[in-house]
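First the structure, in the form of structure tokens, and then the observations on it.
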Amino acid sequence: MNQRNKLKIINDPIYGFITIPSPLIFDLIEHPYFQRLRRITQMGLSHLVYPGANHTRFHHALGCLHLMKKSIDILKSKGIEISEEEEEAVLIAILLHDIGHGPFSHALEHSIVSDLSHEYLSLEFMNKLNSEFNGQLTLAIDIFRGNHDKKFLCQLISSQLDVDRLDYLKRDSFYTGVAEGNINSERLINMLNVVDDELVVEEKGIYSIEKFLVARRLMYWQVYLHKTSLCAEQILIRLLRRAKFVFETTEETIENSTLNYFLRHRIDSENFDDLTLELFSKLDDYDIISALKVWQHHDDFVLSKLSQMILNRDLLKIKLKNEPVDAEKLEEYLKKAQKNFNITIAEAAYFVFEGSTSNLAYQPDKEHINIWYKNGKIKDVSSASDQLNLKALSKTVIKYYICYPKSNN
């Protein structure tokens, strides 16, 4: 019998041809847990603002795999010691870094499961896959958790200049059409090096780093924290909480047994077991959209109205402010919504709410992006750069928002 060729080539719209580097990585990509990422959008509900932003976590994971392979090749060419086992492990770690994302990426973390981040869930999936693949992922898990003795390998997975960011900025910029986010990931990777076990950027790469940090800031305000996307995600979070409330307080069920399980049970880190993981692995964007199509006709006004808002892109009004929302203003909007919709104040709170969002492009107090000079000196990019605005990028900018029905105007 002919053995299947596992060293496949995939055509990617950003980088061209991506080669799958090993049979084990091919088998992981083929696994149903990973294939599920084809049905999880990378940018949640951002396509309601940027219609092209329908790319998936699957695209992003393969892009990260490609950039990681390039990064490892560059570092090895500069004399950095990376064994074959370490190379495969770091490739697996980046491939699976987002495998724990739920439907519409972050919305699920704040609604139908409690205190479970996608990082926690990714680790649960990786542990399960490790037992299926007879311990072949042990080293990858150590690197993913930041426990490996080569710190720079962990930094490639998670840091202020990690491979994850190098792919998502370029990819999200491409699919949204927001040119400000288009970074030169190839140039950045070529400038990487390692000094004293820490990832550094060679002096020639300083302008590419400046561009990368500015692009990150602009993408957050223009895309990730765009007020309409922000509003849509908050509506979805509240909609799922309402569905959970309705399903927990009535005998009602939904045909989708997987979603039904999550709506009827409290799921948190205490009771997250193998059965829950298996059910979670079957949950994707399609389950939520199918549910909304049913719920738009539901007897519960809140559930019905919020479902219609997302399906028909008839969202709440959102206003961004530099100061916290005035409590009296919020009360006034709540009372108007209560009166206009003929509902209780508790129900009106699903349609009128406030919150805040923040943007921090660079966190030198948490971890540095270090520039390495030919004379051997190392400086943090914010002090190495002659760009005055890099100092500004290290400050957190907070914006406050209020959402309310358009009829409240």
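Simple scheme: letters A, B, ... for chains in structure tokens order, numbers from 1 for residues in each chain, numbers from 1 for ligands in the order shown.
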
* Polymer residues at most 7 Å from segment 208-221 of chain A, only C-alpha atoms, same-chain spacing of 3 or more positions, as a PyMOL selection string -> chain A and resi 169+180-181+183-184+188+205+224-226+359+361-362

Store the residues of this selection in a file with N, CA and C atoms, as a PDB file, in the first residue's frame.
ATOM      1  N   LEU A 169      -1.061  40.597  12.765  1.00  0.00           N
ATOM      2  CA  LEU A 169      -1.100  41.988  12.279  1.00  0.00           C
ATOM      3  C   LEU A 169      -1.123  42.019  10.753  1.00  0.00           C
ATOM      4  N   GLU A 180      -2.673  50.298   7.309  1.00  0.00           N
ATOM      5  CA  GLU A 180      -1.805  50.756   8.407  1.00  0.00           C
ATOM      6  C   GLU A 180      -1.210  49.601   9.216  1.00  0.00           C
ATOM      7  N   GLY A 181      -1.846  48.438   9.168  1.00  0.00           N
ATOM      8  CA  GLY A 181      -1.362  47.303   9.955  1.00  0.00           C
ATOM      9  C   GLY A 181      -0.354  46.438   9.224  1.00  0.00           C
ATOM     10  N   ILE A 183       2.743  45.059   8.328  1.00  0.00           N
ATOM     11  CA  ILE A 183       4.124  45.092   8.814  1.00  0.00           C
ATOM     12  C   ILE A 183       5.013  44.249   7.899  1.00  0.00           C
ATOM     13  N   ASN A 184       6.309  44.484   7.967  1.00  0.00           N
ATOM     14  CA  ASN A 184       7.259  43.694   7.186  1.00  0.00           C
ATOM     15  C   ASN A 184       7.788  42.551   8.058  1.00  0.00           C
ATOM     16  N   LEU A 188      11.568  41.758   9.846  1.00  0.00           N
ATOM     17  CA  LEU A 188      11.685  41.605  11.301  1.00  0.00           C
ATOM     18  C   LEU A 188      12.343  40.276  11.663  1.00  0.00           C
ATOM     19  N   GLY A 205      17.370  46.622  12.395  1.00  0.00           N
ATOM     20  CA  GLY A 205      15.926  46.359  12.393  1.00  0.00           C
ATOM     21  C   GLY A 205      15.099  47.362  13.175  1.00  0.00           C
ATOM     22  N   TYR A 224      -9.408  46.178  15.970  1.00  0.00           N
ATOM     23  CA  TYR A 224      -9.769  45.303  17.094  1.00  0.00           C
ATOM     24  C   TYR A 224     -10.694  45.995  18.093  1.00  0.00           C
ATOM     25  N   LEU A 225     -10.473  47.296  18.313  1.00  0.00           N
ATOM     26  CA  LEU A 225     -11.327  48.025  19.259  1.00  0.00           C
ATOM     27  C   LEU A 225     -12.233  49.008  18.536  1.00  0.00           C
ATOM     28  N   HIS A 226     -12.495  48.763  17.281  1.00  0.00           N
ATOM     29  CA  HIS A 226     -13.441  49.607  16.527  1.00  0.00           C
ATOM     30  C   HIS A 226     -14.772  49.602  17.269  1.00  0.00           C
ATOM     31  N   ASN A 359      -5.873  50.472  25.195  1.00  0.00           N
ATOM     32  CA  ASN A 359      -4.927  50.166  24.131  1.00  0.00           C
ATOM     33  C   ASN A 359      -3.520  50.456  24.642  1.00  0.00           C
ATOM     34  N   ALA A 361       0.238  49.613  23.166  1.00  0.00           N
ATOM     35  CA  ALA A 361       0.992  48.982  22.075  1.00  0.00           C
ATOM     36  C   ALA A 361       2.272  48.319  22.561  1.00  0.00           C
ATOM     37  N   TYR A 362       2.852  48.869  23.633  1.00  0.00           N
ATOM     38  CA  TYR A 362       4.141  48.347  24.102  1.00  0.00           C
ATOM     39  C   TYR A 362       4.222  48.446  25.618  1.00  0.00           C
TER      40      TYR A 362
END

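Every protein or nucleic acid residue with an atom no more than 6 Å from segment 234-247 of chain A, counting only C-alpha atoms and leaving out same-chain residues fewer than 3 positions away, appears here: Ala107, Ser111, Cys231, Thr250, Glu252, Leu263, Arg264 and Leu306 of chain A.
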
* Distance in Å - atom CA of Tyr168 of chain A versus atom CA of Leu192 of chain A ->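 Answer for the atom CA of Tyr168 of chain A to atom CA of Leu192 of chain A separation: 18.4 Å.
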
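Counting only C-alpha atoms, the residue from A:Val352, A:Leu137, A:Ile369, A:Val113 that sits nearest to Ser385 of chain A is A:Ile369.
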
* To do: Give the alpha helix (DSSP H) residues of segment 254-375 of chain A, as DSSP finds them on the backbone, and put them as a PyMOL selection string.
  => chain A and resi 257-264+274-280+285-295+301-311+327-341+345-348

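Residues with any atom within 8 Å of segment 121-133 of chain A, counting only C-alpha atoms and excluding same-chain neighbours fewer than 5 positions away, are Tyr33, Leu96, His97, Asp98, Ile99, Gly100, His101, Leu116, Thr138, Ile141 and Leu277 of chain A.
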
Residue selection dump (all heavy atoms) as a short mmCIF file (atom, residue, chain, number, x, y, z; two decimals), in the first residue's frame:
data_model
loop_
_atom_site.label_atom_id
_atom_site.label_comp_id
_atom_site.auth_asym_id
_atom_site.auth_seq_id
_atom_site.Cartn_x
_atom_site.Cartn_y
_atom_site.Cartn_z
N TYR A 33 -9.62 18.22 16.27
CA TYR A 33 -9.47 19.39 17.15
C TYR A 33 -8.94 20.59 16.38
O TYR A 33 -9.36 21.72 16.58
CB TYR A 33 -8.48 19.10 18.31
CG TYR A 33 -8.98 18.16 19.38
CD1 TYR A 33 -8.11 17.68 20.36
CD2 TYR A 33 -10.31 17.74 19.43
CE1 TYR A 33 -8.53 16.82 21.36
CE2 TYR A 33 -10.74 16.88 20.43
CZ TYR A 33 -9.85 16.41 21.38
OH TYR A 33 -10.28 15.55 22.37
N LEU A 96 -0.38 25.10 17.70
CA LEU A 96 -1.52 24.81 18.58
C LEU A 96 -1.82 25.93 19.58
O LEU A 96 -2.68 25.77 20.44
CB LEU A 96 -1.26 23.51 19.34
CG LEU A 96 -0.99 22.26 18.49
CD1 LEU A 96 -0.75 21.04 19.38
CD2 LEU A 96 -2.15 21.98 17.53
N HIS A 97 -1.13 27.08 19.46
CA HIS A 97 -1.26 28.10 20.52
C HIS A 97 -2.68 28.65 20.65
O HIS A 97 -3.07 29.12 21.70
CB HIS A 97 -0.26 29.25 20.30
CG HIS A 97 -0.67 30.23 19.24
ND1 HIS A 97 -0.57 29.96 17.89
CD2 HIS A 97 -1.19 31.48 19.33
CE1 HIS A 97 -1.01 31.00 17.21
NE2 HIS A 97 -1.40 31.94 18.05
N ASP A 98 -3.49 28.57 19.59
CA ASP A 98 -4.86 29.10 19.63
C ASP A 98 -5.93 28.02 19.55
O ASP A 98 -7.11 28.32 19.33
CB ASP A 98 -5.08 30.07 18.45
CG ASP A 98 -4.71 31.50 18.80
OD1 ASP A 98 -4.45 31.78 19.98
OD2 ASP A 98 -4.65 32.34 17.88
N ILE A 99 -5.55 26.77 19.75
CA ILE A 99 -6.50 25.67 19.54
C ILE A 99 -7.67 25.70 20.53
O ILE A 99 -8.72 25.12 20.30
CB ILE A 99 -5.76 24.30 19.56
CG1 ILE A 99 -6.60 23.22 18.87
CG2 ILE A 99 -5.33 23.92 20.97
CD1 ILE A 99 -5.84 21.96 18.56
N GLY A 100 -7.49 26.43 21.64
CA GLY A 100 -8.54 26.50 22.66
C GLY A 100 -9.58 27.58 22.44
O GLY A 100 -10.50 27.73 23.25
N HIS A 101 -9.47 28.35 21.34
CA HIS A 101 -10.47 29.40 21.11
C HIS A 101 -11.85 28.81 20.87
O HIS A 101 -12.00 27.82 20.16
CB HIS A 101 -10.07 30.26 19.90
CG HIS A 101 -9.24 31.44 20.29
ND1 HIS A 101 -9.77 32.52 20.96
CD2 HIS A 101 -7.93 31.72 20.12
CE1 HIS A 101 -8.82 33.41 21.17
NE2 HIS A 101 -7.68 32.94 20.68
N LEU A 116 -12.51 30.61 32.22
CA LEU A 116 -11.70 29.74 31.37
C LEU A 116 -11.16 30.55 30.19
O LEU A 116 -11.91 30.86 29.27
CB LEU A 116 -12.53 28.56 30.84
CG LEU A 116 -13.04 27.55 31.86
CD1 LEU A 116 -13.83 26.46 31.18
CD2 LEU A 116 -11.88 26.94 32.64
N THR A 138 5.30 16.60 24.59
CA THR A 138 5.74 17.02 25.94
C THR A 138 6.63 18.26 25.88
O THR A 138 6.43 19.22 26.62
CB THR A 138 6.47 15.86 26.66
OG1 THR A 138 5.57 14.74 26.71
CG2 THR A 138 6.86 16.25 28.07
N ILE A 141 4.72 21.41 24.90
CA ILE A 141 3.92 21.93 26.03
C ILE A 141 4.80 22.71 26.99
O ILE A 141 4.42 23.77 27.48
CB ILE A 141 3.16 20.77 26.73
CG1 ILE A 141 2.06 20.24 25.80
CG2 ILE A 141 2.56 21.23 28.06
CD1 ILE A 141 1.42 18.93 26.24
N LEU A 277 -14.27 18.79 27.59
CA LEU A 277 -13.31 19.11 26.52
C LEU A 277 -13.78 18.55 25.19
O LEU A 277 -13.73 19.23 24.16
CB LEU A 277 -11.92 18.55 26.87
CG LEU A 277 -10.81 18.92 25.88
CD1 LEU A 277 -10.41 20.38 26.04
CD2 LEU A 277 -9.58 18.03 26.09
#

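Distances from A:Asn134, A:Leu199, A:Thr253, A:Lys335 to Ser158 of chain A were compared using only C-alpha atoms, and the smallest one belongs to A:Leu199.
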
* Asked: Using only C-alpha atoms, which of A:Val90, A:Ile289, A:Met191, A:Leu95 sits nearest Ile40 of chain A?
  ->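 When distances to Ile40 of chain A are compared using only C-alpha atoms, the smallest one comes from A:Ile289.
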
* Surrounding residues of Asp314 of chain A excluding itself and chain neighbours under 3 positions, 12 Å, only C-alpha atoms, as a list in words -> Leu48, Thr228, Cys231, Ala232, Ile235, Lys305, Leu306, Ser307, Gln308, Met309, Ile310, Leu311, Lys317, Pro405, Lys406 and Ser407 of chain A

Could you dump the residues just selected with all heavy atoms as a CSV table (one decimal), in the first residue's frame?
chain,number,residue,atom,x,y,z
A,48,LEU,N,-18.6,42.5,10.6
A,48,LEU,CA,-19.7,43.4,10.5
A,48,LEU,C,-19.3,44.9,10.2
A,48,LEU,O,-20.1,45.7,9.8
A,48,LEU,CB,-20.5,43.4,11.8
A,48,LEU,CG,-21.2,42.1,12.2
A,48,LEU,CD1,-21.9,42.2,13.6
A,48,LEU,CD2,-22.2,41.7,11.1
A,228,THR,N,-17.9,49.7,16.6
A,228,THR,CA,-19.0,48.9,16.1
A,228,THR,C,-18.7,47.4,16.5
A,228,THR,O,-19.6,46.7,16.9
A,228,THR,CB,-19.2,49.1,14.6
A,228,THR,OG1,-19.4,50.5,14.4
A,228,THR,CG2,-20.5,48.3,14.2
A,231,CYS,N,-19.2,47.0,20.2
A,231,CYS,CA,-20.6,46.9,20.5
A,231,CYS,C,-21.2,45.5,20.1
A,231,CYS,O,-21.9,44.9,20.9
A,231,CYS,CB,-21.3,48.0,19.7
A,231,CYS,SG,-23.1,48.1,20.0
A,232,ALA,N,-20.8,45.0,18.9
A,232,ALA,CA,-21.4,43.7,18.5
A,232,ALA,C,-20.9,42.6,19.4
A,232,ALA,O,-21.7,41.7,19.8
A,232,ALA,CB,-20.9,43.4,17.1
A,235,ILE,N,-22.8,42.8,22.7
A,235,ILE,CA,-24.2,42.3,22.5
A,235,ILE,C,-24.2,40.7,22.5
A,235,ILE,O,-25.0,40.1,23.1
A,235,ILE,CB,-24.8,42.8,21.1
A,235,ILE,CG1,-25.1,44.3,21.2
A,235,ILE,CG2,-26.1,42.1,20.8
A,235,ILE,CD1,-25.4,45.0,19.9
A,305,LYS,N,-34.7,39.9,20.6
A,305,LYS,CA,-34.2,41.2,20.1
A,305,LYS,C,-32.7,41.2,19.9
A,305,LYS,O,-32.2,41.7,18.9
A,305,LYS,CB,-34.6,42.3,21.1
A,305,LYS,CG,-34.4,43.7,20.7
A,305,LYS,CD,-35.3,44.1,19.6
A,305,LYS,CE,-35.2,45.6,19.2
A,305,LYS,NZ,-35.9,45.9,18.0
A,306,LEU,N,-31.9,40.7,20.9
A,306,LEU,CA,-30.5,40.7,20.7
A,306,LEU,C,-30.0,39.8,19.5
A,306,LEU,O,-29.1,40.1,18.8
A,306,LEU,CB,-29.8,40.2,22.0
A,306,LEU,CG,-29.9,41.1,23.2
A,306,LEU,CD1,-29.3,40.4,24.5
A,306,LEU,CD2,-29.3,42.4,23.0
A,307,SER,N,-30.7,38.6,19.3
A,307,SER,CA,-30.4,37.8,18.2
A,307,SER,C,-30.6,38.5,16.9
A,307,SER,O,-29.8,38.4,15.9
A,307,SER,CB,-31.2,36.5,18.2
A,307,SER,OG,-31.0,35.7,19.4
A,308,GLN,N,-31.8,39.2,16.8
A,308,GLN,CA,-32.1,40.0,15.6
A,308,GLN,C,-31.0,41.0,15.3
A,308,GLN,O,-30.6,41.3,14.2
A,308,GLN,CB,-33.5,40.6,15.7
A,308,GLN,CG,-34.6,39.7,15.6
A,308,GLN,CD,-35.9,40.3,16.1
A,308,GLN,OE1,-36.1,41.5,15.9
A,308,GLN,NE2,-36.8,39.5,16.7
A,309,MET,N,-30.6,41.7,16.4
A,309,MET,CA,-29.6,42.7,16.2
A,309,MET,C,-28.3,42.2,15.5
A,309,MET,O,-27.8,42.9,14.6
A,309,MET,CB,-29.2,43.3,17.6
A,309,MET,CG,-30.2,44.3,18.2
A,309,MET,SD,-29.7,44.9,19.8
A,309,MET,CE,-31.0,46.1,20.1
A,310,ILE,N,-27.8,41.0,15.9
A,310,ILE,CA,-26.6,40.5,15.3
A,310,ILE,C,-26.9,40.0,13.9
A,310,ILE,O,-26.1,40.3,13.0
A,310,ILE,CB,-26.0,39.4,16.2
A,310,ILE,CG1,-25.6,40.1,17.5
A,310,ILE,CG2,-24.8,38.7,15.5
A,310,ILE,CD1,-24.4,39.6,18.2
A,311,LEU,N,-27.9,39.2,13.8
A,311,LEU,CA,-28.2,38.6,12.4
A,311,LEU,C,-28.4,39.7,11.4
A,311,LEU,O,-28.0,39.6,10.2
A,311,LEU,CB,-29.4,37.7,12.5
A,311,LEU,CG,-29.3,36.4,13.3
A,311,LEU,CD1,-30.6,35.7,13.4
A,311,LEU,CD2,-28.2,35.5,12.6
A,317,LYS,N,-26.6,51.7,19.6
A,317,LYS,CA,-25.8,52.9,19.4
A,317,LYS,C,-24.7,52.8,20.4
A,317,LYS,O,-24.9,52.4,21.5
A,317,LYS,CB,-26.7,54.1,19.6
A,317,LYS,CG,-26.0,55.4,19.5
A,317,LYS,CD,-26.3,56.0,18.1
A,317,LYS,CE,-25.7,57.4,18.0
A,317,LYS,NZ,-25.3,57.7,16.7
A,405,PRO,N,-30.1,51.5,22.9
A,405,PRO,CA,-30.9,51.4,21.7
A,405,PRO,C,-31.0,52.7,20.9
A,405,PRO,O,-31.1,53.8,21.5
A,405,PRO,CB,-32.3,50.9,22.2
A,405,PRO,CG,-32.0,50.4,23.6
A,405,PRO,CD,-30.9,51.2,24.1
A,406,LYS,N,-31.0,52.6,19.6
A,406,LYS,CA,-31.1,53.8,18.8
A,406,LYS,C,-32.4,54.5,19.1
A,406,LYS,O,-32.5,55.8,19.0
A,406,LYS,CB,-31.1,53.4,17.3
A,406,LYS,CG,-29.7,52.9,16.9
A,406,LYS,CD,-29.7,52.3,15.5
A,406,LYS,CE,-28.3,51.8,15.2
A,406,LYS,NZ,-28.2,50.9,14.1
A,407,SER,N,-33.5,53.8,19.5
A,407,SER,CA,-34.7,54.5,19.8
A,407,SER,C,-34.6,55.3,21.0
A,407,SER,O,-35.5,56.1,21.4
A,407,SER,CB,-35.8,53.4,20.0
A,407,SER,OG,-35.5,52.5,21.0

* Pick the closest to Val200 of chain A from A:Asp142, A:Asp12, A:Asp380, A:Asp285: which is it, counting only C-alpha atoms? -> A:Asp380

* Residue nearest Ile80 of chain A among A:Asn193, A:Thr249, A:Ser394, A:Gln222 (counting only C-alpha atoms) ->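 Looking at the shortest contact to Ile80 of chain A, the residue is A:Asn193.
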
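Around Leu24 of chain A, within 10 Å and counting only C-alpha atoms, the residues found are A:Lys6, A:Leu7, A:Ile20, A:Pro21, A:Asp27, A:Leu28, A:Ile29, A:Glu30, A:Glu88, A:Ile92, A:Phe133, A:Gln136, A:Leu137, once anything fewer than 3 positions away on its own chain is removed.
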
Serialized selection, N, CA, C and O atoms, as an mmCIF file, in the first residue's frame:
data_model
loop_
_atom_site.group_PDB
_atom_site.id
_atom_site.type_symbol
_atom_site.label_atom_id
_atom_site.label_comp_id
_atom_site.auth_asym_id
_atom_site.auth_seq_id
_atom_site.Cartn_x
_atom_site.Cartn_y
_atom_site.Cartn_z
ATOM 1 N N LYS A 6 3.010 13.172 3.582
ATOM 2 C CA LYS A 6 2.585 14.092 4.636
ATOM 3 C C LYS A 6 3.310 15.435 4.574
ATOM 4 O O LYS A 6 3.020 16.328 5.347
ATOM 5 N N LEU A 7 4.279 15.565 3.670
ATOM 6 C CA LEU A 7 4.995 16.834 3.560
ATOM 7 C C LEU A 7 4.321 17.692 2.482
ATOM 8 O O LEU A 7 4.878 17.965 1.423
ATOM 9 N N ILE A 20 4.457 21.949 5.038
ATOM 10 C CA ILE A 20 4.277 21.258 6.326
ATOM 11 C C ILE A 20 5.588 20.520 6.616
ATOM 12 O O ILE A 20 5.999 19.662 5.839
ATOM 13 N N PRO A 21 6.273 20.875 7.717
ATOM 14 C CA PRO A 21 7.653 20.416 7.896
ATOM 15 C C PRO A 21 7.865 18.992 8.394
ATOM 16 O O PRO A 21 8.965 18.481 8.301
ATOM 17 N N ASP A 27 -0.072 15.252 10.924
ATOM 18 C CA ASP A 27 -1.097 14.498 11.661
ATOM 19 C C ASP A 27 -1.864 15.398 12.640
ATOM 20 O O ASP A 27 -3.068 15.221 12.841
ATOM 21 N N LEU A 28 -1.156 16.347 13.248
ATOM 22 C CA LEU A 28 -1.831 17.289 14.158
ATOM 23 C C LEU A 28 -2.798 18.195 13.393
ATOM 24 O O LEU A 28 -3.904 18.474 13.855
ATOM 25 N N ILE A 29 -2.379 18.639 12.211
ATOM 26 C CA ILE A 29 -3.255 19.492 11.381
ATOM 27 C C ILE A 29 -4.500 18.717 10.954
ATOM 28 O O ILE A 29 -5.601 19.257 10.898
ATOM 29 N N GLU A 30 -4.315 17.425 10.687
ATOM 30 C CA GLU A 30 -5.433 16.568 10.258
ATOM 31 C C GLU A 30 -6.418 16.254 11.386
ATOM 32 O O GLU A 30 -7.550 15.847 11.129
ATOM 33 N N GLU A 88 11.066 21.052 16.163
ATOM 34 C CA GLU A 88 9.727 20.496 15.948
ATOM 35 C C GLU A 88 8.787 20.902 17.088
ATOM 36 O O GLU A 88 7.618 21.236 16.860
ATOM 37 N N ILE A 92 5.282 22.966 16.824
ATOM 38 C CA ILE A 92 4.013 22.414 17.330
ATOM 39 C C ILE A 92 3.361 23.401 18.297
ATOM 40 O O ILE A 92 2.149 23.641 18.248
ATOM 41 N N PHE A 133 -0.930 11.137 21.141
ATOM 42 C CA PHE A 133 0.281 10.985 20.320
ATOM 43 C C PHE A 133 1.467 10.459 21.144
ATOM 44 O O PHE A 133 2.617 10.736 20.837
ATOM 45 N N GLN A 136 4.501 12.715 22.424
ATOM 46 C CA GLN A 136 5.365 13.426 21.467
ATOM 47 C C GLN A 136 5.244 14.958 21.563
ATOM 48 O O GLN A 136 6.000 15.680 20.927
ATOM 49 N N LEU A 137 4.280 15.440 22.358
ATOM 50 C CA LEU A 137 4.082 16.890 22.482
ATOM 51 C C LEU A 137 4.633 17.442 23.810
ATOM 52 O O LEU A 137 4.461 18.616 24.105
#

* Point out the residue among A:Ala348, A:Ala291, A:Leu316, A:Ala61 with the least atom-to-atom distance to Tyr401 of chain A, counting only C-alpha atoms. =>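 Among the listed residues, A:Leu316 lies closest to Tyr401 of chain A.
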
* Using atom CA of His55 of chain A and atom CA of Tyr175 of chain A as the two end points, give the distance in Å to one decimal. =>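 For atom CA of His55 of chain A relative to atom CA of Tyr175 of chain A, the distance reads 7.1 Å.
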
* **All residues 9 Å or closer to Ser358 of chain A, only C-alpha atoms, same chain fewer than 6 positions away omitted, as an MDAnalysis selection string** => chainID A and resid 225 396:400

Selected residues written out, N, CA, C and O atoms, as a short mmCIF file (atom, residue, chain, number, x, y, z; two decimals), in the first residue's frame:
data_model
loop_
_atom_site.label_atom_id
_atom_site.label_comp_id
_atom_site.auth_asym_id
_atom_site.auth_seq_id
_atom_site.Cartn_x
_atom_site.Cartn_y
_atom_site.Cartn_z
N LEU A 225 -10.47 47.30 18.31
CA LEU A 225 -11.33 48.03 19.26
C LEU A 225 -12.23 49.01 18.54
O LEU A 225 -12.69 49.98 19.12
N THR A 396 -0.80 53.48 28.62
CA THR A 396 -2.12 52.91 28.38
C THR A 396 -3.12 54.03 28.07
O THR A 396 -3.20 55.01 28.81
N VAL A 397 -3.85 53.86 26.98
CA VAL A 397 -4.92 54.81 26.63
C VAL A 397 -6.24 54.12 26.94
O VAL A 397 -6.50 53.01 26.44
N ILE A 398 -7.06 54.74 27.77
CA ILE A 398 -8.35 54.14 28.14
C ILE A 398 -9.48 54.97 27.52
O ILE A 398 -9.46 56.20 27.58
N LYS A 399 -10.42 54.27 26.90
CA LYS A 399 -11.63 54.95 26.41
C LYS A 399 -12.84 54.28 27.05
O LYS A 399 -12.85 53.06 27.27
N TYR A 400 -13.83 55.08 27.32
CA TYR A 400 -15.05 54.59 27.97
C TYR A 400 -16.18 54.60 26.94
O TYR A 400 -16.21 55.44 26.03
#

* To do: Step one, run DSSP on the backbone; step two, keep only residues of segment 303-394 of chain A assigned to strand (DSSP E); then write them as a list in words.
  =>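 Matching residues, listed in order: Lys317, Ile318, Lys319, Leu320, Lys321, Phe353, Glu354, Gly355, Ser356, Thr357, Ser358, Asn359, Asn370, Ile371, Trp372, Ile378, Lys379 and Asp380 of chain A.
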